[in-house]
Structure formats: structure tokens, C-alpha cells
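Participant: This one is my_file-v6.pdb, PDB, C-alpha atoms, pLDDT in the B column.
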ATOM      1  CA  TYR C   1      26.872  70.755  34.062  1.00 65.00           C
ATOM      2  CA  GLY C   2      26.435  73.699  31.728  1.00 69.00           C
ATOM      3  CA  LEU C   3      26.329  76.121  34.681  1.00 69.00           C
ATOM      4  CA  LEU C   4      29.587  74.692  35.995  1.00 71.00           C
ATOM      5  CA  LEU C   5      31.241  75.030  32.615  1.00 71.00           C
ATOM      6  CA  GLY C   6      30.049  78.613  32.329  1.00 74.00           C
ATOM      7  CA  SER C   7      31.531  79.517  35.707  1.00 73.00           C
ATOM      8  CA  HIS C   8      34.856  77.705  35.018  1.00 73.00           C
ATOM      9  CA  PRO C   9      35.972  78.794  31.540  1.00 77.00           C
ATOM     10  CA  GLY C  10      39.318  77.007  31.946  1.00 81.00           C
ATOM     11  CA  GLY C  11      37.580  73.658  32.304  1.00 80.00           C
ATOM     12  CA  ILE C  12      36.558  71.422  35.174  1.00 83.00           C
ATOM     13  CA  SER C  13      38.854  68.790  36.639  1.00 85.00           C
ATOM     14  CA  ASP C  14      37.790  65.228  37.371  1.00 87.00           C
ATOM     15  CA  ALA C  15      38.676  65.815  41.023  1.00 88.00           C
ATOM     16  CA  PHE C  16      36.259  68.765  41.177  1.00 83.00           C
ATOM     17  CA  LEU C  17      33.427  66.745  39.612  1.00 85.00           C
ATOM     18  CA  HIS C  18      34.153  63.888  42.021  1.00 87.00           C
ATOM     19  CA  ALA C  19      33.957  66.321  44.973  1.00 84.00           C
ATOM     20  CA  VAL C  20      30.606  67.651  43.714  1.00 81.00           C
ATOM     21  CA  SER C  21      29.319  64.098  43.334  1.00 85.00           C
ATOM     22  CA  GLU C  22      30.445  63.154  46.858  1.00 85.00           C
ATOM     23  CA  SER C  23      28.813  66.268  48.289  1.00 77.00           C
ATOM     24  CA  CYS C  24      25.514  65.391  46.585  1.00 77.00           C
ATOM     25  CA  ARG C  25      25.712  61.797  47.822  1.00 82.00           C
ATOM     26  CA  SER C  26      26.436  63.004  51.367  1.00 77.00           C
ATOM     27  CA  GLN C  27      23.457  65.366  51.211  1.00 68.00           C
ATOM     28  CA  MET C  28      21.102  62.598  50.047  1.00 74.00           C
ATOM     29  CA  GLU C  29      22.290  60.249  52.811  1.00 76.00           C
ATOM     30  CA  ALA C  30      21.842  62.947  55.451  1.00 66.00           C
ATOM     31  CA  ASP C  31      18.366  63.769  54.143  1.00 63.00           C
ATOM     32  CA  ARG C  32      17.344  60.123  54.395  1.00 68.00           C
ATOM     33  CA  ALA C  33      18.762  59.823  57.904  1.00 66.00           C
ATOM     34  CA  HIS C  34      17.450  62.905  59.690  1.00 60.00           C
ATOM     35  CA  SER C  35      17.481  66.072  57.662  1.00 58.00           C
ATOM     36  CA  VAL C  36      14.741  68.410  56.608  1.00 59.00           C
ATOM     37  CA  PRO C  37      15.199  69.941  53.135  1.00 62.00           C
ATOM     38  CA  TRP C  38      14.755  73.573  54.136  1.00 68.00           C
ATOM     39  CA  SER C  39      13.809  75.806  51.250  1.00 75.00           C
ATOM     40  CA  ARG C  40      16.263  78.622  50.573  1.00 75.00           C
ATOM     41  CA  HIS C  41      13.219  80.873  50.113  1.00 80.00           C
ATOM     42  CA  LEU C  42      11.933  79.928  53.576  1.00 85.00           C
ATOM     43  CA  LEU C  43      15.381  80.612  55.039  1.00 87.00           C
ATOM     44  CA  ALA C  44      15.534  84.003  53.315  1.00 88.00           C
ATOM     45  CA  ARG C  45      12.150  84.918  54.787  1.00 90.00           C
ATOM     46  CA  LEU C  46      13.157  83.676  58.251  1.00 91.00           C
ATOM     47  CA  ARG C  47      16.290  85.793  58.002  1.00 92.00           C
ATOM     48  CA  VAL C  48      14.083  88.860  57.514  1.00 93.00           C
ATOM     49  CA  LEU C  49      11.655  87.888  60.303  1.00 92.00           C
ATOM     50  CA  THR C  50      14.333  86.997  62.879  1.00 91.00           C
ATOM     51  CA  GLY C  51      17.091  89.397  61.888  1.00 91.00           C
ATOM     52  CA  ALA C  52      19.547  86.483  61.929  1.00 91.00           C
ATOM     53  CA  HIS C  53      23.055  87.076  60.614  1.00 89.00           C
ATOM     54  CA  ILE C  54      24.358  83.565  61.316  1.00 87.00           C
ATOM     55  CA  LEU C  55      22.926  80.315  59.933  1.00 88.00           C
ATOM     56  CA  ALA C  56      23.970  77.010  61.488  1.00 86.00           C
ATOM     57  CA  GLY C  57      22.890  73.617  60.276  1.00 85.00           C
ATOM     58  CA  PRO C  58      22.457  73.433  56.518  1.00 81.00           C
ATOM     59  CA  GLN C  59      23.918  70.308  54.941  1.00 73.00           C
ATOM     60  CA  ALA C  60      26.550  70.630  52.221  1.00 65.00           C
ATOM     61  CA  VAL C  61      26.243  74.422  52.125  1.00 71.00           C
ATOM     62  CA  ALA C  62      29.031  76.780  53.133  1.00 73.00           C
ATOM     63  CA  TRP C  63      27.509  80.024  51.857  1.00 76.00           C
ATOM     64  CA  ASN C  64      24.102  81.665  51.693  1.00 81.00           C
ATOM     65  CA  PRO C  65      23.684  85.189  50.293  1.00 84.00           C
ATOM     66  CA  HIS C  66      21.226  86.135  53.034  1.00 87.00           C
ATOM     67  CA  PHE C  67      23.504  85.336  55.996  1.00 89.00           C
ATOM     68  CA  ARG C  68      26.864  86.805  56.964  1.00 89.00           C
ATOM     69  CA  SER C  69      28.113  83.465  58.299  1.00 86.00           C
ATOM     70  CA  VAL C  70      27.070  79.870  57.591  1.00 85.00           C
ATOM     71  CA  MET C  71      28.138  76.720  59.437  1.00 83.00           C
ATOM     72  CA  SER C  72      27.267  73.345  57.968  1.00 79.00           C
ATOM     73  CA  SER C  73      26.141  70.657  60.377  1.00 79.00           C
ATOM     74  CA  THR C  74      28.478  68.186  58.685  1.00 74.00           C
ATOM     75  CA  GLY C  75      31.365  69.780  60.595  1.00 65.00           C
ATOM     76  CA  TRP C  76      30.053  68.901  64.073  1.00 65.00           C
ATOM     77  CA  PRO C  77      31.734  68.509  66.439  1.00 63.00           C
ATOM     78  CA  PRO C  78      34.057  71.327  65.396  1.00 60.00           C
ATOM     79  CA  HIS C  79      37.800  70.799  65.275  1.00 53.00           C
ATOM     80  CA  GLY C  80      39.860  73.221  67.342  1.00 48.00           C
ATOM     81  CA  GLY C  81      38.560  75.974  69.569  1.00 45.00           C
ATOM     82  CA  ALA C  82      35.641  75.910  71.944  1.00 44.00           C
ATOM     83  CA  PRO C  83      32.440  74.604  70.340  1.00 46.00           C
ATOM     84  CA  GLY C  84      30.515  77.768  71.189  1.00 46.00           C
ATOM     85  CA  HIS C  85      33.181  79.969  69.655  1.00 42.00           C
ATOM     86  CA  VAL C  86      33.287  77.938  66.455  1.00 43.00           C
ATOM     87  CA  LEU C  87      29.511  77.765  66.205  1.00 47.00           C
ATOM     88  CA  MET C  88      29.187  81.505  66.579  1.00 45.00           C
ATOM     89  CA  GLN C  89      32.037  82.307  64.196  1.00 45.00           C
ATOM     90  CA  GLY C  90      31.244  85.380  62.199  1.00 46.00           C
ATOM     91  CA  SER C  91      29.712  87.008  65.233  1.00 48.00           C
ATOM     92  CA  THR C  92      30.676  90.633  65.681  1.00 49.00           C
ATOM     93  CA  GLY C  93      29.552  90.745  69.275  1.00 55.00           C
ATOM     94  CA  SER C  94      26.566  92.052  71.121  1.00 57.00           C
ATOM     95  CA  GLY C  95      23.278  91.951  69.281  1.00 68.00           C
ATOM     96  CA  ASP C  96      24.111  89.193  66.791  1.00 79.00           C
ATOM     97  CA  VAL C  97      21.299  86.814  65.940  1.00 85.00           C
ATOM     98  CA  ALA C  98      21.744  83.171  64.908  1.00 86.00           C
ATOM     99  CA  LEU C  99      19.267  80.806  63.259  1.00 89.00           C
ATOM    100  CA  ILE C 100      19.914  77.138  64.010  1.00 89.00           C
ATOM    101  CA  LEU C 101      18.335  74.338  61.957  1.00 89.00           C
ATOM    102  CA  LEU C 102      18.344  71.795  64.767  1.00 90.00           C
ATOM    103  CA  ASP C 103      16.943  68.902  62.728  1.00 87.00           C
ATOM    104  CA  GLU C 104      20.002  69.032  60.468  1.00 85.00           C
ATOM    105  CA  TYR C 105      22.200  67.779  63.311  1.00 87.00           C
ATOM    106  CA  PRO C 106      22.222  64.092  64.232  1.00 86.00           C
ATOM    107  CA  PRO C 107      20.048  63.513  67.320  1.00 88.00           C
ATOM    108  CA  ASP C 108      22.986  62.398  69.449  1.00 87.00           C
ATOM    109  CA  VAL C 109      24.778  65.786  69.174  1.00 87.00           C
ATOM    110  CA  ARG C 110      21.836  68.201  69.362  1.00 88.00           C
ATOM    111  CA  ALA C 111      22.187  68.777  73.109  1.00 86.00           C
ATOM    112  CA  GLN C 112      25.868  69.648  72.536  1.00 85.00           C
ATOM    113  CA  VAL C 113      24.920  72.081  69.777  1.00 84.00           C
ATOM    114  CA  LEU C 114      22.363  73.782  72.017  1.00 82.00           C
ATOM    115  CA  ALA C 115      24.812  73.932  74.941  1.00 79.00           C
ATOM    116  CA  ALA C 116      27.469  75.416  72.664  1.00 77.00           C
ATOM    117  CA  LEU C 117      25.035  78.137  71.676  1.00 68.00           C
ATOM    118  CA  SER C 118      24.473  79.177  75.266  1.00 65.00           C
ATOM    119  CA  VAL C 119      28.245  79.163  75.910  1.00 50.00           C
ATOM    120  CA  GLY C 120      29.133  80.960  72.669  1.00 51.00           C
ATOM    121  CA  SER C 121      26.544  83.696  72.780  1.00 53.00           C
ATOM    122  CA  CYS C 122      27.652  87.250  73.397  1.00 57.00           C
ATOM    123  CA  PRO C 123      25.700  89.572  75.705  1.00 59.00           C
ATOM    124  CA  GLY C 124      22.651  90.857  73.873  1.00 62.00           C
ATOM    125  CA  SER C 125      22.795  88.176  71.182  1.00 71.00           C
ATOM    126  CA  ARG C 126      19.866  85.892  70.420  1.00 81.00           C
ATOM    127  CA  THR C 127      19.477  82.440  68.972  1.00 85.00           C
ATOM    128  CA  TRP C 128      16.459  81.127  67.102  1.00 89.00           C
ATOM    129  CA  VAL C 129      16.109  77.355  66.928  1.00 90.00           C
ATOM    130  CA  LEU C 130      14.031  75.983  64.076  1.00 88.00           C
ATOM    131  CA  ARG C 131      12.895  72.366  64.351  1.00 86.00           C
ATOM    132  CA  LYS C 132      10.104  70.330  62.893  1.00 81.00           C
ATOM    133  CA  VAL C 133       7.259  69.337  65.158  1.00 80.00           C
ATOM    134  CA  SER C 134       7.071  65.651  65.951  1.00 80.00           C
ATOM    135  CA  GLU C 135       6.043  63.365  68.770  1.00 86.00           C
ATOM    136  CA  SER C 136       9.089  61.241  69.484  1.00 89.00           C
ATOM    137  CA  ALA C 137      11.698  60.550  72.128  1.00 91.00           C
ATOM    138  CA  THR C 138      14.162  62.672  70.137  1.00 90.00           C
ATOM    139  CA  ALA C 139      11.730  65.594  70.053  1.00 89.00           C
ATOM    140  CA  GLU C 140      11.177  65.346  73.813  1.00 91.00           C
ATOM    141  CA  HIS C 141      14.939  65.252  74.393  1.00 91.00           C
ATOM    142  CA  ASP C 142      15.397  68.341  72.179  1.00 91.00           C
ATOM    143  CA  LYS C 143      12.627  70.226  73.991  1.00 90.00           C
ATOM    144  CA  GLY C 144      14.118  69.313  77.372  1.00 90.00           C
ATOM    145  CA  ALA C 145      17.572  70.524  76.346  1.00 89.00           C
ATOM    146  CA  MET C 146      16.143  73.817  75.075  1.00 88.00           C
ATOM    147  CA  CYS C 147      14.098  74.355  78.264  1.00 88.00           C
ATOM    148  CA  ARG C 148      17.161  73.713  80.470  1.00 86.00           C
ATOM    149  CA  LEU C 149      18.931  76.478  78.561  1.00 83.00           C
ATOM    150  CA  GLY C 150      16.041  78.929  79.013  1.00 82.00           C
ATOM    151  CA  GLY C 151      14.462  78.490  75.585  1.00 82.00           C
ATOM    152  CA  ARG C 152      10.926  79.666  74.900  1.00 80.00           C
ATOM    153  CA  LEU C 153       8.389  78.361  72.425  1.00 78.00           C
ATOM    154  CA  VAL C 154       7.476  80.893  69.759  1.00 76.00           C
ATOM    155  CA  LEU C 155       4.729  80.092  67.270  1.00 67.00           C
TER     156      LEU C 155
END
Please, can you express the file's structure as C-alpha cells?
Facilitator:
Amino acid sequence: YGLLLGSHPGGISDAFLHAVSESCRSQMEADRAHSVPWSRHLLARLRVLTGAHILAGPQAVAWNPHFRSVMSSTGWPPHGGAPGHVLMQGSTGSGDVALILLDEYPPDVRAQVLAALSVGSCPGSRTWVLRKVSESATAEHDKGAMCRLGGRLVL
């Protein structure tokens, strides 16, 4: 609370505090349901290793200092525009690299997210998909969707 007060010298409204509380509650519910709490330090390192400019998937986060563009998974499916275009917003064209946190999306929309990536990619762009390893029907479905789109396993 002290950090919020320091960054808002004019005071903090009840509506703002309520929005923060709802965002935290939404994050906790998503984490319990299917999310992986990715460390911002891990993401920063992956940004360096992959060269990614675009991050798609973090819950309740609209900005990350290491990425030019961030798309929260809570906004899927996107409203307006083609899904691939919205997912790759912030792209400047050829050569852009995206990092997708696939586990942050509900299992029933992951194939759509992956398909949107293949539709939205510009020539010369690349997409890295980060997902936790598990033996489940959902994992097999994810792997199948990635293989159909020409994905390769990188360890």
C-alpha cells in the first residue's frame, strides 16, 4: 500500500483499490485453475535467449519492461480484428519474435491461440512456445496442435 501511495501523491480512490483487489483475485483463481507462476527473472532471461519482443500469456499483466508488447491471456479470445493480428500486435514486421506462455491460456483455447500465431506471423518472424512438461490429455493435444503447425521441440 505504501508503494501505491508513493506513486499516487494525490491519493488513491476506492475504485482503484477495488480494481487492484479484483485483479489479484482473478490472478489467484487463474493460478489455481491452470496457470504457471512464471518468474519475471526467468522471462527476462528467456527474452535475452530468444530475442523475443512480444510476450503473450501472462495473467493480469499488461506491461513488462523487457518486452515491447505484452498481451494478457485474460483477453482471449480477442475482441475485434483477426485473432492473429491482435495476438501479434506490436509487431513491426519481418523478423519479430514472440514468446507465448501456452499454459497461461485455458486448455480449450490453446489450439486457437497456436493457430492465430501461424496466421498472424509476418515473413521471417518466429514464435517460441513455452509450456510445462506433463503427461496428460491436454499436453498431448497441445503437442499435436504445435506439430500440425510445424512446431519443433527445442530443449
Participant: Which neighbours of Arg131 of chain C fall inside 9 Å, counting only C-alpha atoms, when residues of the same chain fewer than 3 positions from it are skipped, and could you give them as a list in words?
Facilitator: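 My reading of the contact set: Val36, Ile100, Leu101, Leu102, Asp103, Glu104 and Ala139 of chain C.
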Participant: Find the residues with any atom within 8 Å of (19.0, 87.8, 67.0); use all atoms listed in the file and the coordinates as given in the file, and write the answer as a PyMOL selection string.
Facilitator: chain C and resi 50-53+95-99+125-128
Participant: Report the distance between atom CA of Leu130 of chain C and atom CA of Met28 of chain C in Å, rounded to one decimal place.
Facilitator: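 That distance, rounded to one decimal, is 20.6 Å.
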Participant: Go ahead and compute the interatomic distance for atom CA of Leu43 of chain C and atom CA of Pro58 of chain C, in Å to one decimal.
Facilitator: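 These atoms are spaced 10.2 Å apart.
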Participant: What gap, in Å, lies between atom CA of Ser7 of chain C and atom CA of Gln59 of chain C?
Facilitator: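 Value for the atom CA of Ser7 of chain C-atom CA of Gln59 of chain C distance: 22.6 Å.
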Participant: Taking all atoms listed in the file into account, which of C:Ser21, C:Leu114, C:Val133, C:His66 comes nearest Cys147 of chain C?
Facilitator: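 Looking only at the distances to Cys147 of chain C, the closest residue turns out to be C:Leu114.
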Participant: Fewer than 5 positions away in the same chain doesn't count, so skip those; otherwise give me all residues within 9 Å of His141 of chain C, counting only C-alpha atoms, as a list in words.
Facilitator: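 So, after excluding close chain neighbours, the residues are Pro107, Ala111, Ser136 and Met146 of chain C.
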